[in-house]
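What follows is a single structure, written as C-alpha cells, with notes after it.
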Amino acid sequence: MADISRLLRRSFNAKAKNIGLTRPQWLVISVLHRHEGINQGGLAELLEVEPITLCRMIDRLQDAGLVERQRDPADRRAWRLFLTAKAQEVRQQVWPLGAEVMDAALEGISAQEREALRSSLDKIRQNLSCRPDEAAAQAATDLTSTPIPDTASQLQSK
C-alpha cells in the first residue's frame with residue numbers, strides 16, 4: 001500500500017506541477033474543503049501534522065489568497081479556516097487531475113472489483129481510525145455479542 005501511495009503521489013505531482021501548489025498545500029485545501037470552518041488545531045489533527053507546521057502552511061495559503069482565517073466566535077484564541085473563491089477555482093483545476101491519476105491507476109479493473117477495493121479500503125480505514133478507547137469498547141461489545149461455542153457439548157455429540 002505504501003508503494004502504491006508513493007506512485008500515486010508521484011503521478012499526481014507530475015500532473016499538478018504547473019498549477020503551483022505543493023502536494024501538502026493541495027492536501028490542506030482538499031481536507032479543508034470537506035471540513036470548512038474547522039479550527040487550526042482540528043485541521044492539524046486531521047492532517048496528522050504538528051499545529052506549528054500547519055500554521056506555516058496556512059500562512060502561505062493565506063498569502064496566496066487561497067485560505068482565510070476568521071475568528072472563532074466561541075473562542076477568541078482560535079481561528080476558523082475557510083477556502084476563498086480563488087481556492088475553489090484552483091480546486092476545480094486540480095480535481096480532474098486527481099481523477100485522471102485514479103483512472104490510470106484503476107485501468108483494467110472492473111467496476112465490481114473497484115467497488116470491492118473501495119469497500120475493503122474503507123473498512124481498513126475504519127478499523128485503523130478507531131481511537132484506543134473506542135477499539136476497546138468495540139472489542140468488549142464484540143465479545144459480549146458473539147456467542148462462545150460450548151466445546152464440551154460439541155465434543156459429547158461426536
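Letters A, B, ... mark the chains of the C-alpha cells in the order given; residue numbers begin at 1 per chain; ligand numbers begin at 1, in order shown.
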- Item | Exercise: Gly65 (chain A) partners within 9 Å, only C-alpha atoms, chain neighbours under 5 positions left out, as a VMD selection string | chain A and resid 60 83 to 87
I need the chosen residues saved as a JSON list (two decimals), in the first residue's frame, with C-alpha atoms.
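The result, written out as again37.json:
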```json
[["chain", "number", "residue", "atom", "x", "y", "z"],
["A", 60, "ARG", "CA", 1.46, 30.62, 2.87],
["A", 83, "LEU", "CA", -11.38, 28.48, 1.43],
["A", 84, "THR", "CA", -11.56, 31.57, -0.74],
["A", 85, "ALA", "CA", -13.19, 31.77, -4.17],
["A", 86, "LYS", "CA", -9.67, 31.56, -5.63],
["A", 87, "ALA", "CA", -9.08, 28.27, -3.81]]
```
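Every residue of region 49-100 of chain A with a DSSP assignment of alpha helix (DSSP H), taken from the backbone, is listed as Pro51, Ile52, Thr53, Leu54, Cys55, Arg56, Met57, Ile58, Asp59, Arg60, Leu61, Gln62, Asp63, Ala85, Lys86, Ala87, Gln88, Glu89, Val90, Arg91, Gln92, Gln93, Val94, Trp95, Pro96, Leu97, Gly98, Ala99 and Glu100 of chain A.
Pairwise distance (CA of Ile58 (chain A), CA of Leu43 (chain A)) equals 10.4 Å.
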- Item | Close residues, Lys15 (chain A) itself excluded, 10 Å, only C-alpha atoms, min 6 positions apart in chain, as a count of residues only | 6
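The space between CA of Glu68 (chain A) and CA of Arg56 (chain A) spans 13.4 Å.
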- Item | Those of chain A in DSSP strand (DSSP E), formatted as a PyMOL selection string | chain A and resi 67-72+75-83
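The interatomic distance for the pair CA of Asp72 (chain A) and CA of Leu46 (chain A) works out to 18.5 Å.
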- Task: Could you check which of A:Val67, A:Ala14, A:Val49, A:Leu8 is closest to Ile29 (chain A), using only C-alpha atoms?
- Result: A:Val67
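Comparing A:Arg125, A:Ala44, A:Ile4, A:Val90 by their smallest distance to Ala64 (chain A), the closest is A:Val90 (using only C-alpha atoms).
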- Query: If we count only C-alpha atoms, what is near His35 (chain A) at a cut-off of 12 Å, once residues fewer than 3 positions away on the same chain are taken out, given as a ChimeraX atom specification?
  - Reply: /A:28-32,38-40,42-44,46-47,80-83
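For the residues A:Gln25, A:Glu50, A:Gly41, A:Ile124, ranking by smallest atom-to-atom distance to Arg77 (chain A) using only C-alpha atoms places A:Gly41 first.
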